[in-house]
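Chemist: Okay, here's the structure, questions in a sec.
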Amino acid sequence: RELTGEVEFENVDFGYNPDKIVLHDINMYAKPGQKIAFVGSTGAGKTTITNLINRFYDIQDGKIRYDNINIGKIRKPDLRRSLGIVLQDTHLFTGTVMDNIRYGKLDATDEECIKAAKLANAHDFIKRLPDGYNTVLTGDGSNLSQGQRQLLAIARAAVADPPALILDEATSSIDTRTEAMVSRGMDALMEGRTSFVIAHRLSTVKDADCIMVMEQGRIIERGTHDQLIDMKGRYYQLYTG
Ligand code: DCP
Ligand code: MG
């Protein structure tokens with residue numbers, strides 16, 4: 001069954017350790033194709049929510065549904081395949097650039113991988129590598145810049161072509177030009193997919209359909225950028241600094 005990317009949390013409570021709840025009564029609904037952003041100070045629970053979207057952990061209470069199916073009932077490997085994740089630190093392995101992209105969908109053809117790299121905005125830098133798509137990467141990807149690793153992560157997610165995505169925006173500094181390339185690749189990848197974005201720069205969440213403002217494991221405000229600014233609450237404070 002193909003998932004559309006509809007995701008719903010209903011009264012979700014969660015703790016890494018059952019004695020210490022870190023997410024309290026989380027309710028949210030993402031329509032297919034929407035962009036949902038999470039903002040809030042460190043330790044607020046942003047990464048934890050995205051861990052639960054991936055179903056990396058069991059929840060203490062509540063329901064998480066994909067297309068109205070309680071995903072507690074789907075075997076985890078099936079679910080993993082349905083989500084694309086672009087993490088801050090992309091796991092690259094010793095192998096060619098092509099194989100590192102193909103990791104997103106193991107039976108992808110070379111043409112599909114190249115198409116994904118083009119969508120991700122990664123094609124141009126790959127063509128400039130000594131052996132192009134056949135360039136062998138070191139296991140830790142240390143022969144690439146951080147921005148290049150991010151572009152490969154985007155290409156890998158694009159080849160998987162998932163209905164929903166989780167994007168954890170990198171905090172570490174990449175130069176402005178590379179950042180613009182990464183952000184264009186991300187935008188192309190998000191087009192037509194439900195996206196959950198952990199943003200460290202408020203400027204990148206402005207166009208979200210819904211921004212969740214988190215504090216101490218709770219969603220304390222939600223709305224579009226304009227709505228939250230009008231509310232003159234926590235988001236407004238964060239934004240006006
Ligand atoms: N926590 C925990 N065990 C883990 C990970 C986190 O007990 N393996 C706790 C630490 C915080 C809370 O959960 O009290 C929320 O942590 P998150 O990583 O979800 O917080 P953020 O992602 O919002 O923080 P940051 O902006 O620093 O990434
Ligand atoms: Mg985090």
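By convention in this document, the chains of the structure tokens carry letters A, B, ... by their order, each chain's residues are numbered from 1, and ligands are numbered from 1 in the order they are shown.
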Quick one: DSSP alpha helix (DSSP H) residues in stretch 182-237 of chain A, as JSON, numbers by chain?
Modeler: {"A": [182, 183, 184, 185, 186, 187, 188, 189, 190, 225, 226, 227, 228, 229, 230, 231, 234, 235, 236, 237]}
Chemist: Sort by chain and increasing residue number a table of all residues of chain A within 10 Å of ligand 2, each with its closest pair of atoms and their distance in Å to one decimal, counting only C-alpha atoms and all ligand atoms, and write it as JSON lines.
Modeler:
```
{"residue": "A:Phe38", "atom": "CA", "partner": "ligand 2", "partner_atom_place_in_ligand_line": "1 (Mg)", "distance": 9.9}
{"residue": "A:Val39", "atom": "CA", "partner": "ligand 2", "partner_atom_place_in_ligand_line": "1 (Mg)", "distance": 9.9}
{"residue": "A:Gly40", "atom": "CA", "partner": "ligand 2", "partner_atom_place_in_ligand_line": "1 (Mg)", "distance": 9.7}
{"residue": "A:Ser41", "atom": "CA", "partner": "ligand 2", "partner_atom_place_in_ligand_line": "1 (Mg)", "distance": 9.3}
{"residue": "A:Thr42", "atom": "CA", "partner": "ligand 2", "partner_atom_place_in_ligand_line": "1 (Mg)", "distance": 6.9}
{"residue": "A:Gly43", "atom": "CA", "partner": "ligand 2", "partner_atom_place_in_ligand_line": "1 (Mg)", "distance": 7.0}
{"residue": "A:Ala44", "atom": "CA", "partner": "ligand 2", "partner_atom_place_in_ligand_line": "1 (Mg)", "distance": 8.2}
{"residue": "A:Gly45", "atom": "CA", "partner": "ligand 2", "partner_atom_place_in_ligand_line": "1 (Mg)", "distance": 7.0}
{"residue": "A:Lys46", "atom": "CA", "partner": "ligand 2", "partner_atom_place_in_ligand_line": "1 (Mg)", "distance": 5.5}
{"residue": "A:Thr47", "atom": "CA", "partner": "ligand 2", "partner_atom_place_in_ligand_line": "1 (Mg)", "distance": 4.0}
{"residue": "A:Thr48", "atom": "CA", "partner": "ligand 2", "partner_atom_place_in_ligand_line": "1 (Mg)", "distance": 7.2}
{"residue": "A:Ile49", "atom": "CA", "partner": "ligand 2", "partner_atom_place_in_ligand_line": "1 (Mg)", "distance": 9.3}
{"residue": "A:Thr50", "atom": "CA", "partner": "ligand 2", "partner_atom_place_in_ligand_line": "1 (Mg)", "distance": 9.0}
{"residue": "A:Asn51", "atom": "CA", "partner": "ligand 2", "partner_atom_place_in_ligand_line": "1 (Mg)", "distance": 9.8}
{"residue": "A:Gln88", "atom": "CA", "partner": "ligand 2", "partner_atom_place_in_ligand_line": "1 (Mg)", "distance": 9.7}
{"residue": "A:Asp168", "atom": "CA", "partner": "ligand 2", "partner_atom_place_in_ligand_line": "1 (Mg)", "distance": 7.9}
{"residue": "A:Glu169", "atom": "CA", "partner": "ligand 2", "partner_atom_place_in_ligand_line": "1 (Mg)", "distance": 9.6}
{"residue": "A:Ile198", "atom": "CA", "partner": "ligand 2", "partner_atom_place_in_ligand_line": "1 (Mg)", "distance": 7.6}
{"residue": "A:Ala199", "atom": "CA", "partner": "ligand 2", "partner_atom_place_in_ligand_line": "1 (Mg)", "distance": 9.5}
{"residue": "A:His200", "atom": "CA", "partner": "ligand 2", "partner_atom_place_in_ligand_line": "1 (Mg)", "distance": 9.4}
```
Chemist: Save out the residues we just selected, all heavy atoms, as a short mmCIF file (atom, residue, chain, number, x, y, z; two decimals), in the first residue's frame.
Modeler:
```cif
data_model
loop_
_atom_site.label_atom_id
_atom_site.label_comp_id
_atom_site.auth_asym_id
_atom_site.auth_seq_id
_atom_site.Cartn_x
_atom_site.Cartn_y
_atom_site.Cartn_z
N PHE A 38 9.48 22.71 13.32
CA PHE A 38 9.61 22.70 14.77
C PHE A 38 10.69 23.69 15.17
O PHE A 38 11.80 23.64 14.65
CB PHE A 38 9.99 21.31 15.28
CG PHE A 38 8.96 20.26 14.97
CD1 PHE A 38 9.10 19.45 13.86
CD2 PHE A 38 7.84 20.11 15.76
CE1 PHE A 38 8.14 18.49 13.55
CE2 PHE A 38 6.87 19.17 15.47
CZ PHE A 38 7.02 18.36 14.36
N VAL A 39 10.34 24.58 16.09
CA VAL A 39 11.35 25.49 16.63
C VAL A 39 11.26 25.44 18.16
O VAL A 39 10.27 24.97 18.72
CB VAL A 39 11.15 26.95 16.13
CG1 VAL A 39 11.22 27.04 14.62
CG2 VAL A 39 9.84 27.56 16.63
N GLY A 40 12.28 25.95 18.80
CA GLY A 40 12.28 25.95 20.25
C GLY A 40 13.68 25.73 20.78
O GLY A 40 14.55 25.26 20.05
N SER A 41 13.89 26.05 22.04
CA SER A 41 15.25 26.03 22.58
C SER A 41 15.76 24.60 22.71
O SER A 41 15.02 23.63 22.57
CB SER A 41 15.26 26.73 23.94
OG SER A 41 14.20 26.25 24.72
N THR A 42 17.04 24.49 23.00
CA THR A 42 17.68 23.19 23.08
C THR A 42 17.04 22.35 24.19
O THR A 42 16.71 22.87 25.25
CB THR A 42 19.21 23.35 23.26
OG1 THR A 42 19.78 22.06 23.34
CG2 THR A 42 19.57 24.14 24.51
N GLY A 43 16.82 21.06 23.90
CA GLY A 43 16.18 20.17 24.87
C GLY A 43 14.67 20.25 24.88
O GLY A 43 14.02 19.57 25.67
N ALA A 44 14.08 21.04 23.99
CA ALA A 44 12.62 21.23 23.98
C ALA A 44 11.87 19.99 23.51
O ALA A 44 10.70 19.80 23.84
CB ALA A 44 12.24 22.42 23.10
N GLY A 45 12.55 19.12 22.72
CA GLY A 45 11.90 17.88 22.28
C GLY A 45 11.72 17.78 20.78
O GLY A 45 11.03 16.88 20.30
N LYS A 46 12.39 18.63 20.00
CA LYS A 46 12.22 18.64 18.54
C LYS A 46 12.71 17.33 17.92
O LYS A 46 12.01 16.70 17.14
CB LYS A 46 12.99 19.83 17.95
CG LYS A 46 12.60 21.17 18.56
CD LYS A 46 13.39 22.33 17.98
CE LYS A 46 14.89 22.31 18.27
NZ LYS A 46 15.23 22.50 19.71
N THR A 47 13.93 16.94 18.26
CA THR A 47 14.48 15.70 17.71
C THR A 47 13.67 14.50 18.19
O THR A 47 13.43 13.55 17.43
CB THR A 47 15.97 15.55 18.11
OG1 THR A 47 16.69 16.64 17.55
CG2 THR A 47 16.56 14.24 17.60
N THR A 48 13.21 14.57 19.43
CA THR A 48 12.43 13.46 19.97
C THR A 48 11.15 13.25 19.16
O THR A 48 10.80 12.11 18.83
CB THR A 48 12.10 13.72 21.45
OG1 THR A 48 13.33 13.94 22.17
CG2 THR A 48 11.38 12.54 22.07
N ILE A 49 10.45 14.32 18.82
CA ILE A 49 9.24 14.18 18.01
C ILE A 49 9.57 13.51 16.69
O ILE A 49 8.88 12.59 16.25
CB ILE A 49 8.56 15.54 17.74
CG1 ILE A 49 7.88 16.04 19.00
CG2 ILE A 49 7.53 15.41 16.61
CD1 ILE A 49 6.74 17.01 18.75
N THR A 50 10.64 13.94 16.05
CA THR A 50 10.96 13.33 14.75
C THR A 50 11.40 11.87 14.92
O THR A 50 11.14 11.05 14.05
CB THR A 50 12.01 14.14 13.97
OG1 THR A 50 13.19 14.24 14.75
CG2 THR A 50 11.50 15.52 13.62
N ASN A 51 12.02 11.54 16.04
CA ASN A 51 12.33 10.13 16.31
C ASN A 51 11.05 9.30 16.38
O ASN A 51 11.02 8.14 15.98
CB ASN A 51 13.07 9.97 17.65
CG ASN A 51 14.52 10.37 17.56
OD1 ASN A 51 15.09 10.43 16.48
ND2 ASN A 51 15.12 10.64 18.70
N GLN A 88 21.56 15.63 10.13
CA GLN A 88 22.68 16.58 10.17
C GLN A 88 23.97 15.90 9.76
O GLN A 88 24.76 16.44 9.04
CB GLN A 88 22.83 17.15 11.58
CG GLN A 88 21.71 18.08 11.96
CD GLN A 88 21.85 18.60 13.36
OE1 GLN A 88 22.88 18.39 13.98
NE2 GLN A 88 20.85 19.28 13.83
N ASP A 168 16.60 17.61 9.27
CA ASP A 168 17.20 18.23 10.44
C ASP A 168 18.26 19.19 9.92
O ASP A 168 19.29 18.77 9.41
CB ASP A 168 17.82 17.15 11.33
CG ASP A 168 17.89 17.60 12.78
OD1 ASP A 168 17.85 18.82 13.03
OD2 ASP A 168 18.00 16.72 13.65
N GLU A 169 17.95 20.46 10.00
CA GLU A 169 18.81 21.48 9.42
C GLU A 169 20.14 21.49 10.16
O GLU A 169 20.18 21.44 11.38
CB GLU A 169 18.12 22.83 9.57
CG GLU A 169 18.75 23.95 8.83
CD GLU A 169 17.94 25.22 9.00
OE1 GLU A 169 18.13 25.93 9.98
OE2 GLU A 169 17.08 25.46 8.14
N ILE A 198 13.23 20.45 11.27
CA ILE A 198 13.76 21.03 12.49
C ILE A 198 14.68 22.16 12.05
O ILE A 198 15.70 21.93 11.41
CB ILE A 198 14.58 20.03 13.31
CG1 ILE A 198 13.69 18.85 13.71
CG2 ILE A 198 15.15 20.70 14.55
CD1 ILE A 198 14.40 17.79 14.52
N ALA A 199 14.25 23.36 12.34
CA ALA A 199 14.96 24.52 11.82
C ALA A 199 15.74 25.21 12.92
O ALA A 199 15.24 25.40 14.01
CB ALA A 199 13.98 25.48 11.19
N HIS A 200 16.96 25.52 12.61
CA HIS A 200 17.76 26.25 13.57
C HIS A 200 17.84 27.72 13.20
O HIS A 200 18.29 28.54 13.97
CB HIS A 200 19.15 25.62 13.70
CG HIS A 200 19.07 24.21 14.21
ND1 HIS A 200 18.86 23.93 15.54
CD2 HIS A 200 19.09 23.03 13.57
CE1 HIS A 200 18.78 22.62 15.70
NE2 HIS A 200 18.93 22.05 14.52
#
```
Chemist: I'd like to know which residues of chain A are strand (DSSP E or B) (by DSSP, run on the backbone); could you write them as a short mmCIF file (atom, residue, chain, number, x, y, z; two decimals) with N, CA, C and O atoms, in the first residue's frame?
Modeler:
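Ended up saving to out-v2.cif:
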```cif
data_model
loop_
_atom_site.label_atom_id
_atom_site.label_comp_id
_atom_site.auth_asym_id
_atom_site.auth_seq_id
_atom_site.Cartn_x
_atom_site.Cartn_y
_atom_site.Cartn_z
N VAL A 7 0.11 12.39 8.34
CA VAL A 7 0.64 11.96 9.64
C VAL A 7 -0.16 12.62 10.75
O VAL A 7 -0.42 13.83 10.69
N GLU A 8 -0.54 11.84 11.74
CA GLU A 8 -1.30 12.40 12.85
C GLU A 8 -0.77 11.88 14.18
O GLU A 8 -0.52 10.69 14.34
N PHE A 9 -0.60 12.79 15.14
CA PHE A 9 -0.27 12.43 16.51
C PHE A 9 -1.49 12.75 17.36
O PHE A 9 -2.05 13.84 17.24
N GLU A 10 -1.90 11.82 18.19
CA GLU A 10 -3.03 12.08 19.07
C GLU A 10 -2.64 11.78 20.51
O GLU A 10 -2.30 10.64 20.84
N ASN A 11 -2.63 12.80 21.33
CA ASN A 11 -2.34 12.67 22.77
C ASN A 11 -1.12 11.80 23.04
O ASN A 11 -1.18 10.89 23.87
N VAL A 12 -0.02 12.11 22.37
CA VAL A 12 1.17 11.28 22.52
C VAL A 12 2.01 11.73 23.72
O VAL A 12 2.35 12.90 23.86
N ASP A 13 2.30 10.78 24.58
CA ASP A 13 3.24 10.98 25.69
C ASP A 13 4.43 10.06 25.44
O ASP A 13 4.25 8.92 25.02
N PHE A 14 5.60 10.55 25.72
CA PHE A 14 6.79 9.72 25.48
C PHE A 14 7.93 10.10 26.42
O PHE A 14 8.15 11.28 26.71
N ASN A 17 13.00 7.09 29.01
CA ASN A 17 12.91 6.26 30.19
C ASN A 17 11.50 6.48 30.72
O ASN A 17 11.09 7.63 30.90
N LYS A 20 10.60 9.16 33.14
CA LYS A 20 10.81 10.57 32.88
C LYS A 20 10.21 10.93 31.52
O LYS A 20 10.83 10.70 30.47
N LEU A 23 7.98 14.14 26.34
CA LEU A 23 6.97 14.78 25.47
C LEU A 23 5.61 14.61 26.12
O LEU A 23 5.24 13.51 26.54
N HIS A 24 4.88 15.70 26.21
CA HIS A 24 3.60 15.69 26.91
C HIS A 24 2.46 16.01 25.97
O HIS A 24 2.45 17.08 25.36
N ASP A 25 1.53 15.07 25.84
CA ASP A 25 0.26 15.31 25.17
C ASP A 25 0.43 16.03 23.82
O ASP A 25 -0.11 17.11 23.61
N ILE A 26 1.19 15.41 22.93
CA ILE A 26 1.45 16.01 21.62
C ILE A 26 0.31 15.67 20.65
O ILE A 26 -0.01 14.50 20.43
N ASN A 27 -0.30 16.69 20.10
CA ASN A 27 -1.33 16.54 19.07
C ASN A 27 -0.88 17.32 17.85
O ASN A 27 -0.53 18.50 17.97
N MET A 28 -0.89 16.66 16.72
CA MET A 28 -0.60 17.41 15.48
C MET A 28 -1.12 16.63 14.29
O MET A 28 -1.30 15.42 14.35
N TYR A 29 -1.39 17.36 13.23
CA TYR A 29 -1.92 16.74 12.03
C TYR A 29 -1.24 17.37 10.82
O TYR A 29 -1.23 18.59 10.68
N ALA A 30 -0.66 16.54 9.97
CA ALA A 30 -0.04 17.02 8.75
C ALA A 30 -0.76 16.43 7.55
O ALA A 30 -0.84 15.22 7.40
N LYS A 35 4.26 21.35 4.91
CA LYS A 35 5.56 21.52 5.57
C LYS A 35 5.32 21.95 7.01
O LYS A 35 4.71 23.00 7.26
N ILE A 36 5.76 21.11 7.94
CA ILE A 36 5.59 21.39 9.36
C ILE A 36 6.98 21.69 9.93
O ILE A 36 7.92 20.91 9.70
N ALA A 37 7.12 22.78 10.65
CA ALA A 37 8.43 23.13 11.20
C ALA A 37 8.38 23.09 12.72
O ALA A 37 7.35 23.38 13.33
N PHE A 38 9.48 22.71 13.32
CA PHE A 38 9.61 22.70 14.77
C PHE A 38 10.69 23.69 15.17
O PHE A 38 11.80 23.64 14.65
N VAL A 39 10.34 24.58 16.09
CA VAL A 39 11.35 25.49 16.63
C VAL A 39 11.26 25.44 18.16
O VAL A 39 10.27 24.97 18.72
N GLY A 40 12.28 25.95 18.80
CA GLY A 40 12.28 25.95 20.25
C GLY A 40 13.68 25.73 20.78
O GLY A 40 14.55 25.26 20.05
N ASP A 61 1.93 6.55 25.58
CA ASP A 61 0.49 6.72 25.51
C ASP A 61 0.12 7.51 24.27
O ASP A 61 0.91 8.33 23.80
N GLY A 62 -1.06 7.29 23.73
CA GLY A 62 -1.54 8.03 22.57
C GLY A 62 -1.41 7.22 21.29
O GLY A 62 -1.15 6.01 21.33
N LYS A 63 -1.60 7.91 20.16
CA LYS A 63 -1.56 7.21 18.87
C LYS A 63 -0.78 8.01 17.84
O LYS A 63 -0.82 9.24 17.82
N ILE A 64 -0.06 7.31 16.98
CA ILE A 64 0.58 7.93 15.83
C ILE A 64 0.02 7.22 14.60
O ILE A 64 0.08 5.99 14.53
N ARG A 65 -0.56 7.99 13.69
CA ARG A 65 -1.18 7.36 12.52
C ARG A 65 -0.58 7.90 11.23
O ARG A 65 -0.31 9.08 11.10
N TYR A 66 -0.40 6.97 10.30
CA TYR A 66 -0.07 7.31 8.91
C TYR A 66 -1.31 6.97 8.11
O TYR A 66 -1.75 5.82 8.16
N ILE A 69 -3.79 4.81 9.64
CA ILE A 69 -3.40 3.50 10.19
C ILE A 69 -2.54 3.78 11.42
O ILE A 69 -1.58 4.55 11.34
N ASN A 70 -2.88 3.16 12.52
CA ASN A 70 -2.05 3.28 13.70
C ASN A 70 -0.73 2.58 13.41
O ASN A 70 -0.69 1.37 13.22
N LEU A 83 9.75 6.63 4.75
CA LEU A 83 10.20 7.96 5.16
C LEU A 83 11.61 8.24 4.67
O LEU A 83 12.45 7.35 4.66
N GLY A 84 11.84 9.47 4.30
CA GLY A 84 13.19 9.87 3.93
C GLY A 84 13.73 10.77 5.02
O GLY A 84 13.03 11.65 5.50
N ILE A 85 14.94 10.56 5.41
CA ILE A 85 15.50 11.36 6.48
C ILE A 85 16.78 12.01 6.00
O ILE A 85 17.64 11.33 5.43
N VAL A 86 16.88 13.30 6.18
CA VAL A 86 18.14 13.97 5.89
C VAL A 86 18.67 14.47 7.22
O VAL A 86 18.19 15.45 7.77
N GLY A 95 32.71 3.57 -0.78
CA GLY A 95 32.08 3.13 -2.02
C GLY A 95 31.97 4.33 -2.92
O GLY A 95 32.37 5.44 -2.55
N THR A 96 31.42 4.12 -4.11
CA THR A 96 31.33 5.23 -5.05
C THR A 96 30.22 6.19 -4.65
O THR A 96 29.33 5.85 -3.86
N VAL A 136 35.40 7.27 -5.44
CA VAL A 136 35.22 6.48 -4.22
C VAL A 136 35.34 7.40 -3.00
O VAL A 136 36.29 8.17 -2.88
N LEU A 137 34.35 7.31 -2.13
CA LEU A 137 34.34 8.13 -0.92
C LEU A 137 34.97 7.35 0.22
O LEU A 137 34.83 6.14 0.31
N ALA A 164 6.94 11.15 2.82
CA ALA A 164 7.20 12.07 3.94
C ALA A 164 8.69 12.14 4.22
O ALA A 164 9.43 11.20 3.98
N LEU A 165 9.10 13.30 4.73
CA LEU A 165 10.51 13.57 4.94
C LEU A 165 10.74 14.19 6.31
O LEU A 165 9.90 14.95 6.79
N ILE A 166 11.90 13.91 6.85
CA ILE A 166 12.31 14.62 8.05
C ILE A 166 13.63 15.29 7.74
O ILE A 166 14.57 14.64 7.28
N LEU A 167 13.68 16.58 7.94
CA LEU A 167 14.90 17.32 7.63
C LEU A 167 15.41 17.99 8.90
O LEU A 167 14.71 18.78 9.51
N ASP A 168 16.60 17.61 9.27
CA ASP A 168 17.20 18.23 10.44
C ASP A 168 18.26 19.19 9.92
O ASP A 168 19.29 18.77 9.41
N THR A 194 5.10 15.49 2.39
CA THR A 194 4.95 16.00 3.75
C THR A 194 6.36 16.15 4.34
O THR A 194 7.15 15.22 4.25
N SER A 195 6.65 17.31 4.90
CA SER A 195 8.01 17.51 5.42
C SER A 195 7.97 18.01 6.86
O SER A 195 7.21 18.92 7.18
N PHE A 196 8.78 17.41 7.68
CA PHE A 196 8.94 17.84 9.07
C PHE A 196 10.34 18.41 9.18
O PHE A 196 11.32 17.69 8.96
N VAL A 197 10.42 19.68 9.46
CA VAL A 197 11.70 20.36 9.41
C VAL A 197 12.08 20.87 10.79
O VAL A 197 11.31 21.61 11.42
N ILE A 198 13.23 20.45 11.27
CA ILE A 198 13.76 21.03 12.49
C ILE A 198 14.68 22.16 12.05
O ILE A 198 15.70 21.93 11.41
N CYS A 210 2.66 25.07 8.94
CA CYS A 210 2.43 25.20 10.38
C CYS A 210 3.77 25.15 11.10
O CYS A 210 4.59 24.26 10.82
N ILE A 211 3.99 26.08 12.00
CA ILE A 211 5.21 26.10 12.81
C ILE A 211 4.80 25.70 14.22
O ILE A 211 3.86 26.27 14.79
N MET A 212 5.47 24.68 14.75
CA MET A 212 5.22 24.23 16.13
C MET A 212 6.31 24.83 17.01
O MET A 212 7.49 24.59 16.77
N VAL A 213 5.89 25.59 18.01
CA VAL A 213 6.86 26.16 18.94
C VAL A 213 6.89 25.28 20.17
O VAL A 213 5.85 25.06 20.81
N MET A 214 8.06 24.73 20.46
CA MET A 214 8.16 23.75 21.56
C MET A 214 8.92 24.30 22.74
O MET A 214 9.85 25.08 22.60
N GLU A 215 8.50 23.88 23.90
CA GLU A 215 9.19 24.23 25.14
C GLU A 215 8.96 23.11 26.14
O GLU A 215 7.81 22.70 26.35
N ARG A 218 6.50 20.29 25.28
CA ARG A 218 5.13 20.61 24.88
C ARG A 218 5.13 21.54 23.67
O ARG A 218 6.05 22.33 23.51
N ILE A 219 4.06 21.43 22.88
CA ILE A 219 3.85 22.42 21.82
C ILE A 219 3.10 23.57 22.47
O ILE A 219 1.96 23.41 22.89
N ILE A 220 3.75 24.71 22.59
CA ILE A 220 3.12 25.81 23.33
C ILE A 220 2.43 26.82 22.41
O ILE A 220 1.57 27.57 22.86
N GLU A 221 2.84 26.84 21.14
CA GLU A 221 2.17 27.72 20.17
C GLU A 221 2.25 27.04 18.82
O GLU A 221 3.21 26.33 18.55
N ARG A 222 1.28 27.29 17.95
CA ARG A 222 1.38 26.76 16.59
C ARG A 222 0.65 27.69 15.63
O ARG A 222 -0.30 28.37 16.02
N GLY A 223 1.09 27.71 14.40
CA GLY A 223 0.45 28.55 13.40
C GLY A 223 1.43 28.89 12.30
O GLY A 223 2.57 28.42 12.30
#
```
Chemist: Could you tell me how far atom CA of A:Leu238 sits from atom CA of A:Leu202, in Å to one decimal place?
Modeler: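 These two atoms are separated by 8.4 Å.
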Chemist: Taking only C-alpha atoms and all ligand atoms into account, which of A:Pro18, A:Gly141, A:Gly241, A:Pro32 comes nearest ligand 1?
Modeler: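 Among the listed residues, the smallest separation from ligand 1 belongs to A:Pro18.
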Chemist: So, with only C-alpha atoms and all ligand atoms as the atoms that count, which of A:Tyr57, A:Arg156, A:Ala116, A:Asp67 lies closest to ligand 1?
Modeler: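 Closest candidate: A:Tyr57.
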Chemist: From the options A:Arg184, A:Lys115, A:Arg149, A:Arg201, which residue's atoms come nearest to ligand 1, counting only C-alpha atoms and all ligand atoms?
Modeler: A:Arg201
Chemist: Could you give me, as a VMD selection string, the residues within 9 Å of A:Tyr239, counting only C-alpha atoms and dropping anything in the same chain fewer than 2 positions from it?
Modeler: chain A and resid 202 to 203 229 234 to 237 241
Chemist: Store the residues picked out above, limited to N, CA and C atoms, as a PDB file, in the first residue's frame.
Modeler:
```
ATOM      1  N   LEU A 202      15.330  30.731  11.986  1.00  0.00           N
ATOM      2  CA  LEU A 202      13.912  31.036  11.833  1.00  0.00           C
ATOM      3  C   LEU A 202      13.585  31.455  10.403  1.00  0.00           C
ATOM      4  N   SER A 203      14.578  31.972   9.695  1.00  0.00           N
ATOM      5  CA  SER A 203      14.315  32.411   8.318  1.00  0.00           C
ATOM      6  C   SER A 203      13.889  31.256   7.419  1.00  0.00           C
ATOM      7  N   ILE A 229       3.428  35.675  14.655  1.00  0.00           N
ATOM      8  CA  ILE A 229       3.926  37.037  14.902  1.00  0.00           C
ATOM      9  C   ILE A 229       2.805  37.878  15.527  1.00  0.00           C
ATOM     10  N   ARG A 234       5.770  33.491  22.363  1.00  0.00           N
ATOM     11  CA  ARG A 234       7.132  32.968  22.401  1.00  0.00           C
ATOM     12  C   ARG A 234       7.829  33.080  21.030  1.00  0.00           C
ATOM     13  N   TYR A 235       7.110  32.744  19.965  1.00  0.00           N
ATOM     14  CA  TYR A 235       7.699  32.798  18.629  1.00  0.00           C
ATOM     15  C   TYR A 235       8.106  34.227  18.301  1.00  0.00           C
ATOM     16  N   TYR A 236       7.209  35.142  18.618  1.00  0.00           N
ATOM     17  CA  TYR A 236       7.495  36.552  18.379  1.00  0.00           C
ATOM     18  C   TYR A 236       8.763  36.967  19.118  1.00  0.00           C
ATOM     19  N   GLN A 237       8.880  36.493  20.353  1.00  0.00           N
ATOM     20  CA  GLN A 237      10.095  36.780  21.153  1.00  0.00           C
ATOM     21  C   GLN A 237      11.337  36.205  20.486  1.00  0.00           C
ATOM     22  N   GLY A 241      14.069  38.402  18.765  1.00  0.00           N
ATOM     23  CA  GLY A 241      15.316  38.209  19.498  1.00  0.00           C
ATOM     24  C   GLY A 241      15.454  39.103  20.716  1.00  0.00           C
TER      25      GLY A 241
END
```
Chemist: Measuring between only C-alpha atoms, which one of A:Gly33, A:Val97, A:Leu152, A:Glu112 shows the shortest distance to A:Pro130?
Modeler: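 Closest to A:Pro130 of all the choices is A:Val97.
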Chemist: With only C-alpha atoms and all ligand atoms as the basis for distance, which of A:Ile154, A:Leu144, A:Leu3, A:Leu52 is at the shortest distance from ligand 1?
Modeler: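 Distance minimum relative to ligand 1 lands on A:Leu52.
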Chemist: Using only C-alpha atoms and all ligand atoms, which of A:Met231, A:Ala120, A:Phe56, A:Gln216 sits nearest ligand 1?
Modeler: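 Using only C-alpha atoms and all ligand atoms, the shortest distance to ligand 1 belongs to A:Gln216.
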Chemist: Using atom CA of A:Met190 and atom CA of A:Cys113 as the two end points, give the distance in Å to one decimal.
Modeler: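 Distance reported for this atom pair: 17.3 Å.
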Chemist: Tell me, as a PyMOL selection string, which residues lie within 9 Å of stretch 106-109 of chain A, counting only C-alpha atoms; anything in the same chain fewer than 4 positions away does not count.
Modeler: chain A and resi 99+102+113-114+159-160
